[in-house]
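Participant: So I've got this file, query.txt, and it contains compact mmCIF, C-alpha atoms:
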```txt
# COMPACT_ATOMS: atom_id res chain seq x y z
CA MET I 1 77.74 111.21 86.36
CA TYR I 2 75.94 110.78 83.05
CA ARG I 3 77.91 113.66 81.55
CA PHE I 4 81.17 112.10 82.78
CA LEU I 5 80.28 108.75 81.20
CA GLN I 6 79.21 110.48 78.01
CA ARG I 7 82.53 112.28 77.65
CA GLY I 8 84.87 109.78 79.32
CA TRP I 9 84.27 106.71 77.18
CA ARG I 10 86.48 107.96 74.33
CA PRO I 11 89.73 108.27 76.33
CA ALA I 12 88.87 105.01 78.10
CA VAL I 13 88.56 103.21 74.77
CA ALA I 14 91.81 104.81 73.57
CA ILE I 15 93.66 103.60 76.68
CA ILE I 16 92.25 100.07 76.37
CA LEU I 17 93.18 99.99 72.69
CA LEU I 18 96.72 101.11 73.55
CA PHE I 19 97.09 98.31 76.10
CA VAL I 20 95.74 95.75 73.61
CA ILE I 21 98.22 96.86 70.93
CA TRP I 22 101.01 96.78 73.53
CA GLU I 23 100.08 93.25 74.62
CA ILE I 24 99.85 91.93 71.07
CA ALA I 25 103.13 93.57 70.03
CA VAL I 26 105.06 92.12 72.98
CA ARG I 27 103.68 88.62 72.45
CA THR I 28 104.08 88.69 68.65
CA ALA I 29 107.63 90.04 68.68
CA ASP I 30 108.56 87.82 71.64
CA ILE I 31 110.16 90.74 73.49
CA PRO I 32 111.89 89.66 76.71
CA ALA I 33 110.19 90.76 79.94
CA TRP I 34 113.28 92.57 81.22
CA LEU I 35 113.21 94.79 78.13
CA LEU I 36 109.47 95.48 77.79
CA PRO I 37 106.92 93.54 79.86
CA SER I 38 103.37 93.08 78.64
CA PRO I 39 100.49 94.88 80.40
CA SER I 40 99.21 91.56 81.75
CA ARG I 41 102.61 90.87 83.31
CA VAL I 42 102.73 94.36 84.83
CA TRP I 43 99.23 93.88 86.26
CA GLY I 44 100.18 90.50 87.72
CA GLU I 45 103.31 91.95 89.27
CA ALA I 46 101.31 94.84 90.72
CA ILE I 47 99.02 92.38 92.49
CA ALA I 48 101.98 90.31 93.70
CA VAL I 49 103.94 93.24 95.19
CA TRP I 50 100.93 95.17 96.53
CA PRO I 51 101.52 94.27 100.23
CA THR I 52 105.03 95.74 99.98
CA PHE I 53 104.22 98.50 97.51
CA GLN I 54 101.40 99.82 99.71
CA GLU I 55 103.91 101.18 102.24
CA HIS I 56 105.86 102.94 99.49
CA LEU I 57 102.63 104.41 98.11
CA THR I 58 101.57 105.74 101.51
CA SER I 59 104.95 107.41 102.02
CA THR I 60 104.78 109.12 98.63
CA VAL I 61 101.21 110.32 99.21
CA PHE I 62 102.24 111.85 102.54
CA LEU I 63 105.20 113.66 100.97
CA THR I 64 103.06 114.83 98.06
CA LEU I 65 100.27 116.27 100.20
CA LEU I 66 102.63 117.98 102.63
CA GLY I 67 104.86 119.43 99.91
CA PHE I 68 101.86 120.48 97.82
CA ALA I 69 100.31 122.32 100.77
CA ILE I 70 103.55 124.09 101.65
CA GLY I 71 104.47 124.93 98.06
CA CYS I 72 101.04 126.28 97.11
CA SER I 73 100.81 128.30 100.34
CA ILE I 74 104.18 129.90 99.63
CA GLY I 75 103.12 130.54 96.04
CA LEU I 76 99.95 132.34 97.13
CA VAL I 77 101.80 134.41 99.75
CA VAL I 78 104.44 135.41 97.21
CA ALA I 79 101.80 136.31 94.61
CA VAL I 80 99.83 138.45 97.07
CA GLY I 81 102.98 140.23 98.23
CA LEU I 82 104.18 140.94 94.68
CA HIS I 83 100.75 142.17 93.65
CA LEU I 84 100.25 144.54 96.57
CA ILE I 85 103.81 145.89 96.43
CA PRO I 86 104.62 146.82 92.80
CA VAL I 87 108.23 147.73 93.60
CA LEU I 88 108.76 144.27 95.06
CA ARG I 89 107.19 142.67 91.98
CA GLU I 90 109.56 144.47 89.63
CA SER I 91 112.55 143.34 91.68
CA VAL I 92 111.62 139.75 92.57
CA TYR I 93 109.55 138.50 89.61
CA PRO I 94 112.60 137.94 87.35
CA LEU I 95 114.17 135.89 90.15
CA LEU I 96 111.09 133.66 90.25
CA ILE I 97 111.53 132.92 86.56
CA LEU I 98 115.23 132.21 87.02
CA SER I 99 114.48 129.81 89.87
CA GLN I 100 112.63 127.56 87.42
CA ASN I 101 115.63 127.34 85.08
CA ILE I 102 117.62 125.33 87.62
CA PRO I 103 117.18 121.58 86.98
CA ILE I 104 115.78 119.93 90.10
CA ILE I 105 117.77 116.76 89.44
CA VAL I 106 120.96 118.87 89.63
CA LEU I 107 119.86 120.83 92.69
CA ALA I 108 118.86 117.73 94.66
CA PRO I 109 122.41 116.53 95.52
CA LEU I 110 123.29 120.03 96.75
CA LEU I 111 120.27 120.00 99.06
CA VAL I 112 121.51 116.73 100.55
CA VAL I 113 124.93 118.28 101.18
CA TRP I 114 123.40 121.38 102.77
CA PHE I 115 120.52 119.87 104.77
CA GLY I 116 121.24 116.14 105.08
CA PHE I 117 118.90 113.23 104.36
CA GLY I 118 115.94 114.35 106.46
CA LEU I 119 112.55 115.72 105.52
CA LEU I 120 113.69 119.30 104.83
CA PRO I 121 115.46 118.75 101.46
CA LYS I 122 112.50 116.70 100.24
CA MET I 123 110.07 119.50 101.12
CA ILE I 124 112.31 122.02 99.37
CA VAL I 125 112.27 119.97 96.15
CA ILE I 126 108.46 119.61 96.15
CA THR I 127 108.00 123.27 97.08
CA LEU I 128 110.18 124.41 94.19
CA VAL I 129 108.07 122.54 91.64
CA CYS I 130 104.72 123.56 93.19
CA PHE I 131 104.94 127.22 94.15
CA PHE I 132 105.80 128.73 90.75
CA PRO I 133 102.64 127.71 88.80
CA VAL I 134 100.44 128.95 91.65
CA ALA I 135 102.33 132.23 92.02
CA VAL I 136 102.24 133.04 88.30
CA ALA I 137 98.59 132.02 87.89
CA ALA I 138 97.54 134.07 90.93
CA LEU I 139 99.42 137.15 89.68
CA ASP I 140 97.74 136.86 86.28
CA GLY I 141 94.37 136.47 87.97
CA PHE I 142 94.88 139.60 90.07
CA ARG I 143 95.81 141.63 86.98
CA GLN I 144 92.79 140.42 84.99
CA THR I 145 90.30 142.15 87.28
CA GLY I 146 88.30 144.76 85.35
CA ASN I 147 89.51 148.34 85.71
CA GLU I 148 85.91 149.57 85.67
CA LEU I 149 85.08 147.62 88.81
CA LYS I 150 88.25 148.86 90.52
CA HIS I 151 87.41 152.44 89.60
CA TYR I 152 83.87 152.02 90.92
CA MET I 153 85.10 150.71 94.28
CA GLN I 154 87.67 153.52 94.53
CA MET I 155 84.89 156.04 93.94
CA ALA I 156 82.92 154.34 96.72
CA GLY I 157 85.85 154.95 99.09
CA ALA I 158 87.23 151.39 99.26
CA SER I 159 90.80 150.97 100.42
CA LYS I 160 93.44 149.01 98.51
CA MET I 161 93.05 146.04 100.85
CA GLN I 162 89.25 146.10 100.51
CA ILE I 163 89.56 146.13 96.72
CA PHE I 164 91.91 143.15 96.93
CA LEU I 165 89.78 141.09 99.32
CA LYS I 166 86.35 141.83 97.85
CA LEU I 167 87.19 142.17 94.15
CA GLU I 168 90.61 141.01 92.99
CA TRP I 169 90.82 137.85 95.13
CA PRO I 170 87.39 136.42 94.10
CA HIS I 171 88.03 137.21 90.43
CA SER I 172 91.43 135.51 90.55
CA LEU I 173 90.12 132.17 91.90
CA PRO I 174 89.70 130.53 88.44
CA SER I 175 93.31 131.41 87.59
CA ILE I 176 94.54 130.23 90.99
CA PHE I 177 92.84 126.88 90.52
CA SER I 178 94.49 126.58 87.11
CA GLY I 179 97.84 126.91 88.85
CA LEU I 180 96.77 124.44 91.54
CA LYS I 181 95.93 121.85 88.87
CA ILE I 182 99.40 122.15 87.38
CA SER I 183 101.02 121.98 90.80
CA ALA I 184 98.94 118.93 91.74
CA THR I 185 100.51 116.92 88.93
CA TYR I 186 103.99 118.36 89.51
CA SER I 187 103.81 117.56 93.23
CA VAL I 188 103.82 113.80 92.60
CA MET I 189 106.82 114.11 90.33
CA GLY I 190 108.57 116.29 92.92
CA ALA I 191 107.84 113.76 95.66
CA VAL I 192 109.32 110.91 93.60
CA ILE I 193 112.45 112.96 92.82
CA SER I 194 112.81 113.92 96.48
CA GLU I 195 112.71 110.25 97.44
CA TRP I 196 115.92 109.76 95.47
CA LEU I 197 117.64 111.87 98.15
CA GLY I 198 118.14 108.95 100.49
CA ALA I 199 114.60 108.03 101.54
CA LYS I 200 113.86 104.62 103.03
CA GLN I 201 110.36 104.30 101.54
CA GLY I 202 108.42 105.71 98.63
CA ILE I 203 107.64 105.05 94.99
CA GLY I 204 110.96 106.65 94.03
CA VAL I 205 112.84 104.16 96.23
CA PHE I 206 110.76 101.28 94.85
CA MET I 207 111.52 102.39 91.29
CA THR I 208 115.25 102.73 91.98
CA LEU I 209 115.48 99.24 93.47
CA ALA I 210 113.47 97.76 90.61
CA SER I 211 115.56 99.39 87.87
CA SER I 212 118.85 98.41 89.51
CA SER I 213 117.72 94.76 89.54
CA PHE I 214 116.35 94.92 85.95
CA ARG I 215 112.77 94.33 87.16
CA THR I 216 111.20 96.35 84.38
CA ASP I 217 107.73 95.12 85.27
CA ARG I 218 108.06 96.70 88.72
CA VAL I 219 109.32 99.91 87.14
CA PHE I 220 106.11 100.06 85.11
CA VAL I 221 104.10 99.38 88.27
CA ALA I 222 105.71 102.48 89.80
CA ILE I 223 105.12 104.53 86.64
CA PHE I 224 101.43 103.64 86.50
CA ALA I 225 101.08 104.40 90.21
CA ILE I 226 102.59 107.86 89.66
CA MET I 227 100.20 108.50 86.78
CA LEU I 228 97.17 107.41 88.81
CA LEU I 229 98.21 109.56 91.76
CA SER I 230 98.57 112.59 89.48
CA LEU I 231 95.11 111.99 88.02
CA VAL I 232 93.56 111.58 91.47
CA PHE I 233 95.08 114.83 92.77
CA PHE I 234 94.08 116.63 89.57
CA ALA I 235 90.50 115.37 89.96
CA LEU I 236 90.41 116.50 93.60
CA ILE I 237 91.42 120.04 92.61
CA ILE I 238 88.71 120.08 89.93
CA GLY I 239 86.17 118.98 92.55
CA MET I 240 87.26 121.75 94.91
CA GLU I 241 87.06 124.28 92.08
CA LYS I 242 83.49 123.31 91.22
CA TRP I 243 82.52 123.42 94.89
CA LEU I 244 84.08 126.82 95.65
CA ILE I 245 83.50 128.67 92.36
CA LYS I 246 79.82 128.09 91.84
CA TRP I 247 79.32 131.48 90.20
CA GLN I 248 81.58 130.60 87.27
CA PRO I 249 79.61 129.49 84.17
CA LYS I 250 80.31 126.01 82.89
CA GLY I 251 81.87 125.32 79.54
CA ASP I 252 78.54 124.37 77.95
CA GLU I 253 76.91 127.54 79.24
CA ARG I 254 79.74 129.74 77.94
CA SER I 255 79.63 128.08 74.52
CA GLY I 256 75.84 128.49 74.45
CA LYS I 257 76.15 132.19 75.13
CA VAL I 258 78.66 132.57 72.33
CA GLU I 259 76.40 130.74 69.89
CA ASN I 260 73.42 132.90 70.88
CA ARG I 261 75.42 135.99 70.06
```
In structure tokens, what does this structure look like?
Facilitator:
Amino acid sequence: MYRFLQRGWRPAVAIILLFVIWEIAVRTADIPAWLLPSPSRVWGEAIAVWPTFQEHLTSTVFLTLLGFAIGCSIGLVVAVGLHLIPVLRESVYPLLILSQNIPIIVLAPLLVVWFGFGLLPKMIVITLVCFFPVAVAALDGFRQTGNELKHYMQMAGASKMQIFLKLEWPHSLPSIFSGLKISATYSVMGAVISEWLGAKQGIGVFMTLASSSFRTDRVFVAIFAIMLLSLVFFALIIGMEKWLIKWQPKGDERSGKVENR
């Protein structure tokens, strides 16, 4: 906690300073609220609409968690399959890269035409933005395992699956968590985009209604909620990483070793 406070005060001061400059600029220039509301106005509107906004927030959190779980699971399964079957990796890996070149905002209307307005097209959108970072990070982690350790286990008579489970998988966990962190932030964005596909509730629906009625203050309420959700999910993944990968040296320890050398 002390280390967090010691390191976290600088970005906190920067954020507060940004809000102060924003507030002063809006009041000094007399900018209309529909064009750019002040932070105090956004905060007041957030308190006023909280009873209604809470339902939208809950819906988005549910979509985010479900889509994140499905997308990351598919990403891990794909990465394991491509790693264990080299021929499959050479054939499918380029298709994974091409799948990320399709704009989600363009693909979304097609998903509605194909699958309707239910939960399925929303899950497909979130899965598409979540699985790729996990799959690529896991593949890189599998390949970074030391050849000396692999050779030692092969000499000891270990099978390919034993080498994967006891050596390559544990060594790839830091890379996998790097992909999970990226997917955690993308999942919120994917959930909001998926809610534009005809959802009845969600931050994306709230934002659409606010922008269509020129309630810019409510649009900023939705934007700040998305940012906070992304930070919360990112922090949860970091907490899981520290809990599961206890053998990994911390940043201070690594830097200390480098300085000692």
Participant: For Ile47 in chain I, which residue among I:Val221, I:Leu128, I:Val78, I:Ile85 is the nearest when counting only C-alpha atoms?
Facilitator: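 Counting only C-alpha atoms, the residue closest to Ile47 in chain I is I:Val221.
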Participant: Find, counting only C-alpha atoms, the residue in I:Phe68, I:Phe164, I:Phe142, I:Phe177 that gets nearest to Ile126 in chain I.
Facilitator: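 Selected residue with least distance to Ile126 in chain I: I:Phe68.
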Participant: Please identify all polymer residues within 9 Å of Arg218 in chain I, counting all atoms listed in the file, omitting same-chain residues fewer than 6 positions from it, and present them as a PyMOL selection string.
Facilitator: chain I and resi 42+45-46+49+206-207+210-211
Participant: Would you kindly return, as an NGL selection string, each protein, DNA or RNA residue with an atom no farther than 10 Å from any atom of Trp22 in chain I, considering only C-alpha atoms and excluding same-chain residues fewer than 6 positions away?
Facilitator: :I and (16 or 28 or 36-40)
Participant: For the residues in that selection, give me C-alpha atoms as a PDB file, keeping the file's coordinate frame.
Facilitator:
```pdb
ATOM      1  CA  ILE I  16      92.250 100.070  76.370  1.00  0.00           C
ATOM      2  CA  THR I  28     104.080  88.690  68.650  1.00  0.00           C
ATOM      3  CA  LEU I  36     109.470  95.480  77.790  1.00  0.00           C
ATOM      4  CA  PRO I  37     106.920  93.540  79.860  1.00  0.00           C
ATOM      5  CA  SER I  38     103.370  93.080  78.640  1.00  0.00           C
ATOM      6  CA  PRO I  39     100.490  94.880  80.400  1.00  0.00           C
ATOM      7  CA  SER I  40      99.210  91.560  81.750  1.00  0.00           C
TER       8      SER I  40
END
```
Participant: Using 5 Å of padding on each side, determine the axis-aligned box around all atoms of range 165-173 of chain I present in the file and give its centre and edge lengths in Å to one decimal, as JSON.
Facilitator:
```
{"center_x": 88.9, "center_y": 137.2, "center_z": 94.9, "size_x": 15.1, "size_y": 20.0, "size_z": 18.9}
```
Participant: With a cut-off of 9 Å, could you pull out the residues of range 42-131 of chain I touching range 182-189 of chain I and give me the nearest pair of atoms for each, distance in Å to one decimal, using all atoms listed in the file, ordered by chain and ascending number, as CSV?
Facilitator:
```
residue,atom,partner,partner_atom,distance
I:Thr60,CA,I:Val188,CA,7.7
I:Val61,CA,I:Val188,CA,7.9
I:Leu63,CA,I:Val188,CA,8.5
I:Thr64,CA,I:Ser187,CA,5.6
I:Leu65,CA,I:Ser187,CA,7.9
I:Gly67,CA,I:Ser187,CA,7.0
I:Phe68,CA,I:Ser187,CA,5.8
I:Gly71,CA,I:Ser183,CA,8.6
I:Cys72,CA,I:Ser183,CA,7.6
I:Ile126,CA,I:Ser187,CA,5.9
I:Thr127,CA,I:Ser187,CA,8.1
I:Val129,CA,I:Tyr186,CA,6.2
I:Cys130,CA,I:Ser183,CA,4.7
I:Phe131,CA,I:Ser183,CA,7.4
```
Participant: Next, the residues of the selection above should be written as an mmCIF file, keeping the file's coordinate frame with C-alpha atoms.
Facilitator:
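Output saved as selection.cif:
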```cif
data_model
loop_
_atom_site.group_PDB
_atom_site.id
_atom_site.type_symbol
_atom_site.label_atom_id
_atom_site.label_comp_id
_atom_site.auth_asym_id
_atom_site.auth_seq_id
_atom_site.Cartn_x
_atom_site.Cartn_y
_atom_site.Cartn_z
ATOM 1 C CA THR I 60 104.780 109.120 98.630
ATOM 2 C CA VAL I 61 101.210 110.320 99.210
ATOM 3 C CA LEU I 63 105.200 113.660 100.970
ATOM 4 C CA THR I 64 103.060 114.830 98.060
ATOM 5 C CA LEU I 65 100.270 116.270 100.200
ATOM 6 C CA GLY I 67 104.860 119.430 99.910
ATOM 7 C CA PHE I 68 101.860 120.480 97.820
ATOM 8 C CA GLY I 71 104.470 124.930 98.060
ATOM 9 C CA CYS I 72 101.040 126.280 97.110
ATOM 10 C CA ILE I 126 108.460 119.610 96.150
ATOM 11 C CA THR I 127 108.000 123.270 97.080
ATOM 12 C CA VAL I 129 108.070 122.540 91.640
ATOM 13 C CA CYS I 130 104.720 123.560 93.190
ATOM 14 C CA PHE I 131 104.940 127.220 94.150
#
```
Participant: Which of these residues is nearest to His83 in chain I, using all atoms listed in the file: I:Phe117, I:Phe62, I:Trp243, I:Trp169?
Facilitator: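 Going through I:Phe117, I:Phe62, I:Trp243, I:Trp169 one by one, the smallest distance to His83 in chain I is for I:Trp169.
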Participant: Which residues come within 9 Å of Gly75 in chain I, counting only C-alpha atoms, excluding same-chain residues fewer than 5 positions away, as a list in words?
Facilitator: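 What passes the distance filter is Ile70, Val80, Thr127, Cys130, Phe131, Phe132, Pro133, Val134, Ala135, Val136 and Ala138 of chain I.
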Participant: With distances taken over all atoms listed in the file, which residue among I:Met227, I:Met155, I:Leu84, I:Met123 lies nearest Ala69 in chain I?
Facilitator: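 Of the candidates, the smallest distance to Ala69 in chain I is held by I:Met123.
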Participant: With only C-alpha atoms as the counted atoms, please give the residues lying no more than 10 Å from Leu120 in chain I, apart from itself and same-chain residues fewer than 6 positions off, as a PyMOL selection string.
Facilitator: chain I and resi 111-112+194
Participant: Please determine, counting all atoms listed in the file, which residue among I:Leu180, I:Ala191, I:Leu149, I:Val219 has the shortest atom-to-atom distance to Phe233 in chain I.
Facilitator: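 Of I:Leu180, I:Ala191, I:Leu149, I:Val219, the one nearest Phe233 in chain I, counting all atoms listed in the file, is I:Leu180.
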Participant: Mind giving me the straight-line distance from CA of Gly118 in chain I to CA of Val205 in chain I in Å, one decimal?
Facilitator: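 Value for the CA of Gly118 in chain I-CA of Val205 in chain I distance: 14.8 Å.
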Participant: May I ask which of the residues I:Glu90, I:Glu55, I:Glu195, I:Asp217 is the closest one to Ile124 in chain I, counting all atoms listed in the file?
Facilitator: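 Checking each candidate against Ile124 in chain I, we get I:Glu195 as the closest.
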Participant: Mind giving me the straight-line distance from CA of Val26 in chain I to CA of Ile203 in chain I in Å, one decimal?
Facilitator: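 So the two atoms, CA of Val26 in chain I and CA of Ile203 in chain I, lie 25.7 Å apart.
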Participant: In Å, with one decimal, what is the gap from CA of Thr145 in chain I to CA of Leu95 in chain I?
Facilitator: 24.8 Å
Participant: Could you model N, CA and C atoms for range 12-47 of chain I and present them as a PDB file, keeping the file's coordinate frame?
Facilitator:
```pdb
ATOM      1  N   ALA I  12      88.804 106.354  77.539  1.00  0.00           N
ATOM      2  CA  ALA I  12      88.870 105.010  78.100  1.00  0.00           C
ATOM      3  C   ALA I  12      89.092 103.970  77.003  1.00  0.00           C
ATOM      4  N   VAL I  13      88.380 104.120  75.901  1.00  0.00           N
ATOM      5  CA  VAL I  13      88.560 103.210  74.770  1.00  0.00           C
ATOM      6  C   VAL I  13      89.961 103.348  74.187  1.00  0.00           C
ATOM      7  N   ALA I  14      90.466 104.587  74.110  1.00  0.00           N
ATOM      8  CA  ALA I  14      91.810 104.810  73.570  1.00  0.00           C
ATOM      9  C   ALA I  14      92.871 104.130  74.442  1.00  0.00           C
ATOM     10  N   ILE I  15      92.705 104.215  75.761  1.00  0.00           N
ATOM     11  CA  ILE I  15      93.660 103.600  76.680  1.00  0.00           C
ATOM     12  C   ILE I  15      93.612 102.069  76.558  1.00  0.00           C
ATOM     13  N   ILE I  16      92.391 101.521  76.509  1.00  0.00           N
ATOM     14  CA  ILE I  16      92.250 100.070  76.370  1.00  0.00           C
ATOM     15  C   ILE I  16      92.854  99.591  75.059  1.00  0.00           C
ATOM     16  N   LEU I  17      92.609 100.347  73.986  1.00  0.00           N
ATOM     17  CA  LEU I  17      93.180  99.990  72.690  1.00  0.00           C
ATOM     18  C   LEU I  17      94.703 100.033  72.723  1.00  0.00           C
ATOM     19  N   LEU I  18      95.267 101.012  73.424  1.00  0.00           N
ATOM     20  CA  LEU I  18      96.720 101.110  73.550  1.00  0.00           C
ATOM     21  C   LEU I  18      97.283  99.891  74.269  1.00  0.00           C
ATOM     22  N   PHE I  19      96.622  99.478  75.355  1.00  0.00           N
ATOM     23  CA  PHE I  19      97.090  98.310  76.100  1.00  0.00           C
ATOM     24  C   PHE I  19      96.974  97.027  75.251  1.00  0.00           C
ATOM     25  N   VAL I  20      95.908  96.926  74.455  1.00  0.00           N
ATOM     26  CA  VAL I  20      95.740  95.750  73.610  1.00  0.00           C
ATOM     27  C   VAL I  20      96.853  95.686  72.560  1.00  0.00           C
ATOM     28  N   ILE I  21      97.149  96.820  71.927  1.00  0.00           N
ATOM     29  CA  ILE I  21      98.220  96.860  70.930  1.00  0.00           C
ATOM     30  C   ILE I  21      99.563  96.521  71.594  1.00  0.00           C
ATOM     31  N   TRP I  22      99.779  97.070  72.777  1.00  0.00           N
ATOM     32  CA  TRP I  22     101.010  96.780  73.530  1.00  0.00           C
ATOM     33  C   TRP I  22     101.140  95.291  73.817  1.00  0.00           C
ATOM     34  N   GLU I  23     100.057  94.673  74.286  1.00  0.00           N
ATOM     35  CA  GLU I  23     100.080  93.250  74.620  1.00  0.00           C
ATOM     36  C   GLU I  23     100.352  92.397  73.386  1.00  0.00           C
ATOM     37  N   ILE I  24      99.673  92.705  72.299  1.00  0.00           N
ATOM     38  CA  ILE I  24      99.850  91.930  71.070  1.00  0.00           C
ATOM     39  C   ILE I  24     101.263  92.091  70.528  1.00  0.00           C
ATOM     40  N   ALA I  25     101.791  93.322  70.557  1.00  0.00           N
ATOM     41  CA  ALA I  25     103.130  93.570  70.030  1.00  0.00           C
ATOM     42  C   ALA I  25     104.189  92.819  70.819  1.00  0.00           C
ATOM     43  N   VAL I  26     104.065  92.817  72.148  1.00  0.00           N
ATOM     44  CA  VAL I  26     105.060  92.120  72.980  1.00  0.00           C
ATOM     45  C   VAL I  26     105.009  90.622  72.732  1.00  0.00           C
ATOM     46  N   ARG I  27     103.805  90.067  72.656  1.00  0.00           N
ATOM     47  CA  ARG I  27     103.680  88.620  72.450  1.00  0.00           C
ATOM     48  C   ARG I  27     104.102  88.223  71.033  1.00  0.00           C
ATOM     49  N   THR I  28     103.750  89.026  70.038  1.00  0.00           N
ATOM     50  CA  THR I  28     104.080  88.690  68.650  1.00  0.00           C
ATOM     51  C   THR I  28     105.586  88.774  68.406  1.00  0.00           C
ATOM     52  N   ALA I  29     106.196  89.841  68.897  1.00  0.00           N
ATOM     53  CA  ALA I  29     107.630  90.040  68.680  1.00  0.00           C
ATOM     54  C   ALA I  29     108.488  89.251  69.667  1.00  0.00           C
ATOM     55  N   ASP I  30     107.850  88.612  70.637  1.00  0.00           N
ATOM     56  CA  ASP I  30     108.560  87.820  71.640  1.00  0.00           C
ATOM     57  C   ASP I  30     109.641  88.658  72.349  1.00  0.00           C
ATOM     58  N   ILE I  31     109.235  89.826  72.801  1.00  0.00           N
ATOM     59  CA  ILE I  31     110.160  90.740  73.490  1.00  0.00           C
ATOM     60  C   ILE I  31     110.385  90.232  74.907  1.00  0.00           C
ATOM     61  N   PRO I  32     111.630  90.151  75.357  1.00  0.00           N
ATOM     62  CA  PRO I  32     111.890  89.660  76.710  1.00  0.00           C
ATOM     63  C   PRO I  32     111.290  90.589  77.773  1.00  0.00           C
ATOM     64  N   ALA I  33     110.893  89.999  78.892  1.00  0.00           N
ATOM     65  CA  ALA I  33     110.190  90.760  79.940  1.00  0.00           C
ATOM     66  C   ALA I  33     111.085  91.824  80.558  1.00  0.00           C
ATOM     67  N   TRP I  34     112.402  91.569  80.617  1.00  0.00           N
ATOM     68  CA  TRP I  34     113.280  92.570  81.220  1.00  0.00           C
ATOM     69  C   TRP I  34     113.420  93.806  80.342  1.00  0.00           C
ATOM     70  N   LEU I  35     113.110  93.664  79.055  1.00  0.00           N
ATOM     71  CA  LEU I  35     113.210  94.790  78.130  1.00  0.00           C
ATOM     72  C   LEU I  35     111.888  95.558  78.056  1.00  0.00           C
ATOM     73  N   LEU I  36     110.790  94.853  77.837  1.00  0.00           N
ATOM     74  CA  LEU I  36     109.470  95.480  77.790  1.00  0.00           C
ATOM     75  C   LEU I  36     108.424  94.443  78.196  1.00  0.00           C
ATOM     76  N   PRO I  37     107.936  94.511  79.428  1.00  0.00           N
ATOM     77  CA  PRO I  37     106.920  93.540  79.860  1.00  0.00           C
ATOM     78  C   PRO I  37     105.565  93.868  79.268  1.00  0.00           C
ATOM     79  N   SER I  38     104.730  92.875  79.142  1.00  0.00           N
ATOM     80  CA  SER I  38     103.370  93.080  78.640  1.00  0.00           C
ATOM     81  C   SER I  38     102.492  93.677  79.732  1.00  0.00           C
ATOM     82  N   PRO I  39     101.396  94.326  79.378  1.00  0.00           N
ATOM     83  CA  PRO I  39     100.490  94.880  80.400  1.00  0.00           C
ATOM     84  C   PRO I  39      99.963  93.825  81.364  1.00  0.00           C
ATOM     85  N   SER I  40      99.699  92.615  80.862  1.00  0.00           N
ATOM     86  CA  SER I  40      99.210  91.560  81.750  1.00  0.00           C
ATOM     87  C   SER I  40     100.273  91.178  82.781  1.00  0.00           C
ATOM     88  N   ARG I  41     101.532  91.188  82.372  1.00  0.00           N
ATOM     89  CA  ARG I  41     102.610  90.870  83.310  1.00  0.00           C
ATOM     90  C   ARG I  41     102.758  91.988  84.353  1.00  0.00           C
ATOM     91  N   VAL I  42     102.634  93.226  83.896  1.00  0.00           N
ATOM     92  CA  VAL I  42     102.730  94.360  84.830  1.00  0.00           C
ATOM     93  C   VAL I  42     101.590  94.294  85.839  1.00  0.00           C
ATOM     94  N   TRP I  43     100.377  93.984  85.360  1.00  0.00           N
ATOM     95  CA  TRP I  43      99.230  93.880  86.260  1.00  0.00           C
ATOM     96  C   TRP I  43      99.423  92.746  87.276  1.00  0.00           C
ATOM     97  N   GLY I  44      99.923  91.617  86.814  1.00  0.00           N
ATOM     98  CA  GLY I  44     100.180  90.500  87.720  1.00  0.00           C
ATOM     99  C   GLY I  44     101.235  90.843  88.763  1.00  0.00           C
ATOM    100  N   GLU I  45     102.268  91.549  88.334  1.00  0.00           N
ATOM    101  CA  GLU I  45     103.310  91.950  89.270  1.00  0.00           C
ATOM    102  C   GLU I  45     102.790  92.979  90.271  1.00  0.00           C
ATOM    103  N   ALA I  46     101.892  93.856  89.813  1.00  0.00           N
ATOM    104  CA  ALA I  46     101.310  94.840  90.720  1.00  0.00           C
ATOM    105  C   ALA I  46     100.512  94.156  91.836  1.00  0.00           C
ATOM    106  N   ILE I  47      99.774  93.122  91.482  1.00  0.00           N
ATOM    107  CA  ILE I  47      99.020  92.380  92.490  1.00  0.00           C
ATOM    108  C   ILE I  47      99.964  91.642  93.436  1.00  0.00           C
TER     109      ILE I  47
END
```
